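Q: So I've got this file, work13.pdb, and it contains PDB, C-alpha atoms:
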```pdb
ATOM      1  CA  LYS U   1    -133.965  67.870  -8.050
ATOM      2  CA  SER U   2    -134.196  68.385  -4.285
ATOM      3  CA  LYS U   3    -132.724  71.457  -2.587
ATOM      4  CA  GLU U   4    -130.350  69.248  -0.613
ATOM      5  CA  ARG U   5    -129.006  67.649  -3.810
ATOM      6  CA  ARG U   6    -128.641  71.057  -5.505
ATOM      7  CA  ASP U   7    -126.708  72.415  -2.514
ATOM      8  CA  LYS U   8    -124.468  69.360  -2.591
ATOM      9  CA  ASP U   9    -123.717  69.880  -6.285
ATOM     10  CA  VAL U  10    -122.993  73.580  -5.751
ATOM     11  CA  ASN U  11    -120.657  72.861  -2.845
ATOM     12  CA  ARG U  12    -118.849  70.191  -4.850
ATOM     13  CA  ASP U  13    -118.414  72.586  -7.795
ATOM     14  CA  ASP U  14    -117.042  75.252  -5.441
ATOM     15  CA  GLU U  15    -114.586  72.748  -3.990
ATOM     16  CA  ASP U  16    -113.540  71.720  -7.488
ATOM     17  CA  ASP U  17    -112.977  75.356  -8.474
ATOM     18  CA  ASP U  18    -110.813  75.936  -5.386
ATOM     19  CA  GLU U  19    -108.790  72.809  -6.107
ATOM     20  CA  GLU U  20    -108.379  73.841  -9.745
ATOM     21  CA  GLY U  21    -107.076  77.235  -8.667
ATOM     22  CA  GLU U  22    -104.583  75.649  -6.282
ATOM     23  CA  GLU U  23    -103.450  73.231  -8.992
ATOM     24  CA  GLU U  24    -102.884  76.070 -11.471
ATOM     25  CA  ASP U  25    -100.818  78.000  -8.924
ATOM     26  CA  ALA U  26     -98.760  74.891  -8.255
ATOM     27  CA  LEU U  27     -98.082  74.477 -11.984
ATOM     28  CA  HIS U  28     -96.436  77.895 -12.073
ATOM     29  CA  ASP U  29     -94.335  77.188  -8.979
ATOM     30  CA  LYS U  30     -92.659  73.980 -10.072
ATOM     31  CA  PRO U  31     -92.592  71.551 -12.995
ATOM     32  CA  PRO U  32     -94.977  68.587 -12.879
ATOM     33  CA  ASN U  33     -93.794  65.343 -11.368
ATOM     34  CA  PRO U  34     -92.865  62.640 -13.875
ATOM     35  CA  ILE U  35     -95.498  59.985 -14.482
ATOM     36  CA  GLU U  36     -94.414  56.370 -14.280
ATOM     37  CA  ILE U  37     -96.692  53.520 -15.369
ATOM     38  CA  ASP U  38     -96.149  50.097 -13.834
ATOM     39  CA  PHE U  39     -97.298  47.669 -16.534
ATOM     40  CA  ASP U  40     -96.542  44.533 -14.500
ATOM     41  CA  GLY U  41     -99.903  43.057 -13.484
ATOM     42  CA  ILE U  42    -101.828  46.088 -14.758
ATOM     43  CA  ALA U  43    -104.723  43.881 -15.929
ATOM     44  CA  GLU U  44    -105.204  42.571 -12.382
ATOM     45  CA  ARG U  45    -105.309  46.123 -11.014
ATOM     46  CA  ALA U  46    -108.006  47.307 -13.453
ATOM     47  CA  VAL U  47    -111.303  48.246 -11.807
ATOM     48  CA  ALA U  48    -114.629  47.937 -13.634
ATOM     49  CA  LEU U  49    -116.702  51.098 -13.294
ATOM     50  CA  PRO U  50    -120.434  50.678 -12.626
ATOM     51  CA  LEU U  51    -121.526  51.969 -16.029
ATOM     52  CA  PRO U  52    -124.324  50.119 -17.846
ATOM     53  CA  LEU U  53    -123.512  48.147 -20.983
ATOM     54  CA  GLY U  54    -123.543  50.341 -24.038
ATOM     55  CA  ARG U  55    -121.616  51.862 -26.914
ATOM     56  CA  TYR U  56    -119.237  54.480 -25.527
ATOM     57  CA  SER U  57    -116.863  56.851 -27.272
ATOM     58  CA  ASP U  58    -114.945  60.128 -26.845
ATOM     59  CA  LEU U  59    -113.558  59.497 -23.362
ATOM     60  CA  VAL U  60    -112.379  62.874 -22.001
ATOM     61  CA  ALA U  61    -110.716  63.399 -18.625
ATOM     62  CA  ILE U  62    -111.684  66.583 -16.790
ATOM     63  CA  ARG U  63    -109.725  65.973 -13.591
ATOM     64  CA  HIS U  64    -107.888  63.102 -11.998
ATOM     65  CA  ASP U  65    -111.183  61.902 -10.499
ATOM     66  CA  ARG U  66    -113.758  62.855 -13.107
ATOM     67  CA  PHE U  67    -114.265  62.160 -16.803
ATOM     68  CA  MET U  68    -116.884  62.499 -19.530
ATOM     69  CA  VAL U  69    -117.953  60.050 -22.197
ATOM     70  CA  VAL U  70    -120.472  59.974 -25.048
ATOM     71  CA  LYS U  71    -122.909  57.058 -25.024
ATOM     72  CA  TYR U  72    -124.446  56.202 -28.383
ATOM     73  CA  PRO U  73    -127.776  54.385 -28.765
ATOM     74  CA  THR U  74    -127.841  50.693 -29.586
ATOM     75  CA  ILE U  75    -127.853  49.851 -33.293
ATOM     76  CA  SER U  76    -129.616  46.786 -34.629
ATOM     77  CA  SER U  77    -127.882  44.551 -37.153
ATOM     78  CA  GLY U  78    -130.363  45.483 -39.879
ATOM     79  CA  GLU U  79    -129.403  49.170 -39.708
ATOM     80  CA  VAL U  80    -125.763  48.574 -40.665
ATOM     81  CA  ASN U  81    -125.081  47.897 -44.344
ATOM     82  CA  LEU U  82    -122.569  48.662 -47.079
ATOM     83  CA  THR U  83    -123.681  52.293 -47.383
ATOM     84  CA  SER U  84    -124.445  53.031 -43.713
ATOM     85  CA  SER U  85    -121.865  52.094 -41.092
ATOM     86  CA  GLU U  86    -122.043  52.440 -37.314
ATOM     87  CA  ASP U  87    -119.965  55.621 -37.518
ATOM     88  CA  ASP U  88    -122.375  57.089 -40.075
ATOM     89  CA  LEU U  89    -125.364  56.365 -37.847
ATOM     90  CA  ASP U  90    -123.582  57.794 -34.798
ATOM     91  CA  GLN U  91    -122.811  61.028 -36.654
ATOM     92  CA  GLU U  92    -126.417  61.238 -37.813
ATOM     93  CA  ARG U  93    -128.121  60.517 -34.479
ATOM     94  CA  GLY U  94    -125.599  61.546 -31.857
ATOM     95  CA  GLY U  95    -125.517  60.297 -28.282
ATOM     96  CA  SER U  96    -125.794  61.440 -24.675
ATOM     97  CA  LEU U  97    -122.962  63.113 -22.759
ATOM     98  CA  ILE U  98    -122.309  61.485 -19.386
ATOM     99  CA  SER U  99    -120.107  62.719 -16.548
ATOM    100  CA  PHE U 100    -118.655  60.134 -14.161
ATOM    101  CA  ASP U 101    -117.222  60.909 -10.723
ATOM    102  CA  VAL U 102    -114.669  58.350  -9.546
ATOM    103  CA  ARG U 103    -114.873  59.577  -5.950
ATOM    104  CA  ASP U 104    -118.371  58.289  -5.290
ATOM    105  CA  LEU U 105    -118.804  56.196  -8.490
ATOM    106  CA  SER U 106    -121.756  58.325  -9.612
ATOM    107  CA  ALA U 107    -122.812  59.151 -13.156
ATOM    108  CA  GLN U 108    -124.795  62.151 -14.356
ATOM    109  CA  VAL U 109    -126.343  62.777 -17.768
ATOM    110  CA  LEU U 110    -125.243  66.253 -18.851
ATOM    111  CA  VAL U 111    -126.846  66.276 -22.310
ATOM    112  CA  SER U 112    -129.522  63.725 -23.107
ATOM    113  CA  SER U 113    -129.062  63.357 -26.872
ATOM    114  CA  GLY U 114    -127.609  64.697 -30.097
ATOM    115  CA  VAL U 115    -123.918  64.919 -29.105
ATOM    116  CA  THR U 116    -121.489  63.667 -31.767
ATOM    117  CA  ASP U 117    -118.221  64.943 -30.274
ATOM    118  CA  VAL U 118    -116.853  66.749 -27.230
ATOM    119  CA  HIS U 119    -113.681  68.814 -26.924
ATOM    120  CA  VAL U 120    -112.104  70.172 -23.731
ATOM    121  CA  SER U 121    -109.778  73.165 -23.443
ATOM    122  CA  MET U 122    -106.185  72.704 -22.320
ATOM    123  CA  ASN U 123    -106.954  74.021 -18.829
ATOM    124  CA  LYS U 124    -109.939  71.629 -18.550
ATOM    125  CA  LYS U 125    -112.340  74.489 -17.782
ATOM    126  CA  ILE U 126    -114.338  74.760 -21.018
ATOM    127  CA  MET U 127    -115.947  72.043 -23.116
ATOM    128  CA  VAL U 128    -117.308  72.439 -26.635
ATOM    129  CA  LEU U 129    -120.085  70.091 -27.714
ATOM    130  CA  GLU U 130    -120.549  69.267 -31.357
ATOM    131  CA  LYS U 131    -123.762  68.241 -33.038
ATOM    132  CA  SER U 132    -123.832  67.058 -36.645
ATOM    133  CA  GLU U 133    -126.418  66.969 -39.380
ATOM    134  CA  LYS U 134    -125.984  64.869 -42.532
ATOM    135  CA  GLY U 135    -122.374  64.256 -41.502
ATOM    136  CA  TYR U 136    -121.496  67.954 -41.181
ATOM    137  CA  THR U 137    -121.170  70.056 -38.036
ATOM    138  CA  SER U 138    -124.447  71.906 -37.485
ATOM    139  CA  GLU U 139    -124.004  73.305 -33.978
ATOM    140  CA  LEU U 140    -121.209  74.082 -31.536
ATOM    141  CA  THR U 141    -121.890  75.050 -27.931
ATOM    142  CA  ALA U 142    -119.395  75.994 -25.220
ATOM    143  CA  TYR U 143    -120.056  75.272 -21.542
ATOM    144  CA  LYS U 144    -118.198  74.881 -18.285
ATOM    145  CA  ALA U 145    -116.495  71.498 -18.458
ATOM    146  CA  GLY U 146    -118.371  68.777 -16.607
ATOM    147  CA  SER U 147    -121.426  70.932 -15.879
ATOM    148  CA  LYS U 148    -124.948  70.407 -17.112
ATOM    149  CA  PRO U 149    -125.990  73.161 -19.554
ATOM    150  CA  GLU U 150    -128.687  75.443 -18.182
ATOM    151  CA  ASP U 151    -130.782  75.099 -21.345
ATOM    152  CA  GLU U 152    -130.604  71.286 -21.435
ATOM    153  CA  ASP U 153    -134.017  70.911 -19.757
ATOM    154  CA  SER U 154    -135.605  73.583 -21.953
ATOM    155  CA  ASP U 155    -137.542  72.686 -25.091
ATOM    156  CA  ASP U 156    -137.442  76.258 -26.399
ATOM    157  CA  LEU U 157    -134.266  76.574 -28.468
ATOM    158  CA  LEU U 158    -135.329  79.761 -30.282
ATOM    159  CA  TYR U 159    -134.154  82.093 -27.552
ATOM    160  CA  ARG U 160    -130.594  80.910 -27.044
ATOM    161  CA  THR U 161    -128.297  83.823 -26.334
ATOM    162  CA  ARG U 162    -124.545  84.285 -26.032
ATOM    163  CA  LYS U 163    -124.862  83.233 -22.384
ATOM    164  CA  SER U 164    -126.176  79.846 -23.512
ATOM    165  CA  GLY U 165    -122.815  79.125 -25.155
ATOM    166  CA  THR U 166    -124.071  78.635 -28.695
ATOM    167  CA  ILE U 167    -121.358  79.395 -31.259
ATOM    168  CA  SER U 168    -122.755  80.799 -34.488
ATOM    169  CA  LEU U 169    -121.315  79.022 -37.516
ATOM    170  CA  ASP U 170    -123.197  81.208 -40.009
ATOM    171  CA  ARG U 171    -120.528  83.906 -39.740
ATOM    172  CA  VAL U 172    -117.634  81.487 -40.326
ATOM    173  CA  ARG U 173    -116.089  81.723 -43.761
ATOM    174  CA  VAL U 174    -113.045  79.732 -44.878
ATOM    175  CA  LEU U 175    -111.260  80.824 -48.021
ATOM    176  CA  VAL U 176    -109.532  77.890 -49.710
ATOM    177  CA  ARG U 177    -107.367  77.719 -52.793
ATOM    178  CA  PRO U 178    -108.415  74.323 -54.148
ATOM    179  CA  LYS U 179    -105.211  73.514 -56.033
ATOM    180  CA  ASP U 180    -103.039  74.387 -53.009
ATOM    181  CA  GLU U 181    -105.303  72.252 -50.826
ATOM    182  CA  TRP U 182    -105.166  69.333 -53.264
ATOM    183  CA  ALA U 183    -101.359  69.447 -53.316
ATOM    184  CA  GLN U 184    -101.275  69.258 -49.520
ATOM    185  CA  MET U 185    -103.851  66.448 -49.445
ATOM    186  CA  LEU U 186    -101.945  64.461 -52.045
ATOM    187  CA  LEU U 187     -98.709  64.654 -50.039
ATOM    188  CA  GLU U 188    -100.495  63.714 -46.796
ATOM    189  CA  ILE U 189    -102.105  60.690 -48.477
ATOM    190  CA  TRP U 190     -98.760  59.579 -49.911
ATOM    191  CA  ARG U 191     -97.042  59.913 -46.515
ATOM    192  CA  ARG U 192     -99.903  58.137 -44.710
ATOM    193  CA  VAL U 193     -99.615  55.148 -47.045
ATOM    194  CA  ARG U 194     -95.823  55.168 -46.693
ATOM    195  CA  ASP U 195     -95.986  55.134 -42.876
ATOM    196  CA  ASP U 196     -99.102  53.031 -42.141
ATOM    197  CA  LEU U 197     -99.368  50.454 -44.921
ATOM    198  CA  PHE U 198     -98.869  46.867 -43.728
ATOM    199  CA  ILE U 199     -95.786  46.677 -45.952
ATOM    200  CA  ASP U 200     -93.206  49.338 -46.749
ATOM    201  CA  PRO U 201     -94.070  50.632 -50.265
ATOM    202  CA  LEU U 202     -90.574  52.083 -50.602
ATOM    203  CA  SER U 203     -89.130  48.576 -50.368
ATOM    204  CA  ARG U 204     -91.185  47.238 -53.281
ATOM    205  CA  GLU U 205     -89.140  46.380 -56.368
ATOM    206  CA  ASP U 206     -92.043  46.136 -58.838
ATOM    207  CA  PHE U 207     -92.819  49.882 -58.714
ATOM    208  CA  ASP U 208     -91.367  53.179 -57.473
ATOM    209  CA  TRP U 209     -93.589  54.799 -54.801
ATOM    210  CA  LYS U 210     -91.673  58.086 -55.045
ATOM    211  CA  GLU U 211     -92.133  58.144 -58.807
ATOM    212  CA  ALA U 212     -95.870  57.570 -58.307
ATOM    213  CA  LEU U 213     -95.973  60.766 -56.225
ATOM    214  CA  ARG U 214     -94.014  62.743 -58.825
ATOM    215  CA  THR U 215     -96.408  61.597 -61.559
ATOM    216  CA  ALA U 216     -99.447  62.582 -59.503
ATOM    217  CA  VAL U 217     -97.981  66.003 -58.649
ATOM    218  CA  SER U 218     -97.296  66.714 -62.334
ATOM    219  CA  THR U 219    -101.002  66.110 -63.034
ATOM    220  CA  LEU U 220    -102.340  68.581 -60.443
ATOM    221  CA  PRO U 221    -102.056  71.759 -62.591
ATOM    222  CA  ARG U 222    -104.412  70.220 -65.168
ATOM    223  CA  ILE U 223    -107.314  69.306 -62.851
ATOM    224  CA  ASN U 224    -110.171  71.620 -61.909
ATOM    225  CA  THR U 225    -112.639  69.676 -59.743
ATOM    226  CA  ARG U 226    -112.618  67.576 -56.588
ATOM    227  CA  ALA U 227    -113.783  64.577 -58.600
ATOM    228  CA  GLU U 228    -110.762  64.898 -60.907
ATOM    229  CA  PHE U 229    -108.502  65.090 -57.846
ATOM    230  CA  ALA U 230    -110.043  61.826 -56.593
ATOM    231  CA  VAL U 231    -109.105  60.215 -59.917
ATOM    232  CA  VAL U 232    -105.489  61.384 -59.540
ATOM    233  CA  VAL U 233    -105.282  59.900 -56.033
ATOM    234  CA  SER U 234    -106.948  56.689 -57.189
ATOM    235  CA  ASP U 235    -104.431  56.326 -60.010
ATOM    236  CA  MET U 236    -101.555  56.819 -57.559
ATOM    237  CA  LEU U 237    -102.947  54.232 -55.130
ATOM    238  CA  SER U 238    -103.558  51.776 -57.949
ATOM    239  CA  GLU U 239     -99.785  51.447 -58.245
ATOM    240  CA  LEU U 240     -99.886  49.538 -54.954
ATOM    241  CA  GLY U 241    -101.912  46.731 -56.517
ATOM    242  CA  PHE U 242    -104.186  46.301 -53.464
ATOM    243  CA  SER U 243    -107.959  46.103 -53.841
ATOM    244  CA  HIS U 244    -108.579  47.673 -50.424
ATOM    245  CA  ALA U 245    -106.868  50.953 -51.355
ATOM    246  CA  HIS U 246    -109.741  53.092 -52.612
ATOM    247  CA  VAL U 247    -110.777  56.758 -52.679
ATOM    248  CA  SER U 248    -114.027  58.623 -52.034
ATOM    249  CA  ILE U 249    -114.634  62.158 -53.264
ATOM    250  CA  GLY U 250    -115.267  63.510 -49.751
ATOM    251  CA  ASP U 251    -116.477  67.083 -49.331
ATOM    252  CA  ASP U 252    -117.179  68.199 -52.887
ATOM    253  CA  GLY U 253    -118.998  71.374 -51.862
ATOM    254  CA  ARG U 254    -122.496  70.023 -52.391
ATOM    255  CA  ALA U 255    -123.349  70.099 -48.686
ATOM    256  CA  GLU U 256    -124.575  73.673 -49.008
ATOM    257  CA  LEU U 257    -126.976  72.562 -51.734
ATOM    258  CA  ASP U 258    -128.519  69.978 -49.402
ATOM    259  CA  ARG U 259    -129.618  72.619 -46.901
ATOM    260  CA  ASP U 260    -133.323  73.401 -46.754
ATOM    261  CA  HIS U 261    -134.102  76.887 -48.025
ATOM    262  CA  GLN U 262    -137.532  78.490 -47.695
ATOM    263  CA  PRO U 263    -138.614  79.925 -51.062
ATOM    264  CA  GLY U 264    -140.320  83.282 -51.345
ATOM    265  CA  PHE U 265    -144.092  83.229 -51.791
ATOM    266  CA  LEU U 266    -146.091  85.178 -54.358
ATOM    267  CA  GLY U 267    -148.067  88.043 -52.853
ATOM    268  CA  ALA U 268    -150.330  90.920 -53.777
ATOM    269  CA  ASN U 269    -151.583  94.169 -52.292
ATOM    270  CA  PHE U 270    -155.393  94.430 -52.024
ATOM    271  CA  SER U 271    -157.396  97.647 -51.925
ATOM    272  CA  GLU U 272    -161.090  98.547 -52.092
ATOM    273  CA  TRP U 273    -162.464  98.647 -55.659
ATOM    274  CA  ASP U 274    -163.352 102.096 -56.927
ATOM    275  CA  ASP U 275    -166.162 102.009 -59.548
ATOM    276  CA  SER U 276    -165.228 105.452 -60.837
ATOM    277  CA  LEU U 277    -161.918 104.235 -62.157
TER     278      LEU U 277
END
```
Please go through the file and, once you have read it, give me the structure as structure tokens.
A:
Amino acid sequence: KSKERRDKDVNRDDEDDDEEGEEEDALHDKPPNPIEIDFDGIAERAVALPLPLGRYSDLVAIRHDRFMVVKYPTISSGEVNLTSSEDDLDQERGGSLISFDVRDLSAQVLVSSGVTDVHVSMNKKIMVLEKSEKGYTSELTAYKAGSKPEDEDSDDLLYRTRKSGTISLDRVRVLVRPKDEWAQMLLEIWRRVRDDLFIDPLSREDFDWKEALRTAVSTLPRINTRAEFAVVVSDMLSELGFSHAHVSIGDDGRAELDRDHQPGFLGANFSEWDDSL
């Protein structure tokens, strides 16, 4: 990158920081102005941004004139099947994080590959990038929102420090009481079906959706595994009589077993042979 371009980027970042500070001060002085959306003729007022054709996801606004988006690689028709969907492939491969500036209609690649999700703090100053492995989060890194990570152009990932923004997940431990968790999950599933099913299950006369929940709850004290919980949920959903209401086991705790562990090697201590022994 030329010195002139680097100076331009630095000056723009400084201007953005100044504007952010002024906006924060203004937020404390007075309440925000109400936002009104004029839907009449909104399709005619839409402007196509000069982004290349692709598969985009996770649109995140940083400011009123800048946003980020994850671009996933193109998937051929032969790669998608009954056991591997587009979402599965996206979580496995990840995509590139792109920043787009509406002021000059310019795009910049912040992270070239491996990004499966991006989260931005409430004040729009910090972004956390998520990378997944086998469907599970393998790495979280925190950076200044909208900025290219300093280690993005480096191939040496062994010497990442706290300054690099890497969040260690090895120290994270979550203590869960399975039966309490299953009770919460069961209620959330029941409510989700009640609210989002294409028909109101409470209005059905051929079965009682509330009674189905009571029956499932009475079974919870007698189950001991995640697979047994899946059976309880499946039995409850079977009361609906719809073939498209099905259950998968989900996270059954076997993810830790899939991790690659280096075994210890046999060894010996050698010394010079003493004939007098």
Q: For Met122 (chain U), which residue among U:Thr74, U:Val109, U:Asp196, U:Arg63 is the nearest when counting only C-alpha atoms?
A: U:Arg63
Q: Let me make sure I understand: among U:Arg192, U:Lys131, U:Lys210, U:His246, which one has the smallest atom-to-atom distance to Thr116 (chain U) if we use all atoms listed in the file?
A: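 Using all atoms listed in the file, Thr116 (chain U) sits closest to U:Lys131.
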Q: Residues at most 9 Å from Gln108 (chain U), counting only C-alpha atoms, excluding those fewer than 4 positions away in the same chain, as number ranges by chain?
A: U: 97-101, 148
Q: Quick one: apply the PyMOL selection byres ((chain U and resi 186) around 10) to the file and drop the selected residues here as a ChimeraX atom specification.
A: /U:181-185,187-192,213,216-217,220,229-230,232-233,236
Q: Counting all atoms listed in the file, figure out which residue out of U:Leu105, U:Leu197, U:Leu129, U:Val120 gets nearest to Val60 (chain U).
A: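 Residue with the minimum atom-to-atom distance to Val60 (chain U): U:Val120.
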Q: Looking at U:Glu130, U:Asp170, U:Glu205, U:Glu228, which one is nearest to Val111 (chain U), with distances taken over all atoms listed in the file?
A: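 Counting all atoms listed in the file, the residue closest to Val111 (chain U) is U:Glu130.
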Q: Can you measure CA of His119 (chain U) to CA of Arg93 (chain U) for me? One decimal in Å is fine.
A: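 Going from CA of His119 (chain U) over to CA of Arg93 (chain U), I get 18.3 Å.
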Q: Kindly give the distance, in Å, that separates CA of Ser106 (chain U) and CA of Ile126 (chain U), rounded to a single decimal.
A: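 Going from CA of Ser106 (chain U) over to CA of Ile126 (chain U), I get 21.3 Å.
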Q: Take the PyMOL selection byres ((chain U and resi 73) around 7), run it mentally on this structure, and tell me the resulting residues as a PyMOL selection string.
A: chain U and resi 55+71-72+74-75+95
Q: Pick out the residues sitting within 7 Å of region 56-59 of chain U, and hand them over as a PDB file with C-alpha atoms, in the coordinates of the input; count all atoms listed in the file, and ignore anything fewer than 5 positions along from it in its own chain.
A:
```
ATOM      1  CA  MET U  68    -116.884  62.499 -19.530  1.00  0.00           C
ATOM      2  CA  VAL U  69    -117.953  60.050 -22.197  1.00  0.00           C
ATOM      3  CA  VAL U  70    -120.472  59.974 -25.048  1.00  0.00           C
ATOM      4  CA  LYS U  71    -122.909  57.058 -25.024  1.00  0.00           C
ATOM      5  CA  TYR U  72    -124.446  56.202 -28.383  1.00  0.00           C
ATOM      6  CA  ASP U 117    -118.221  64.943 -30.274  1.00  0.00           C
ATOM      7  CA  VAL U 118    -116.853  66.749 -27.230  1.00  0.00           C
TER       8      VAL U 118
END
```
Q: Using Å and a single decimal, report how far CA of Gly241 (chain U) sits from CA of Ile199 (chain U).
A: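 Those two atoms sit 12.2 Å apart.
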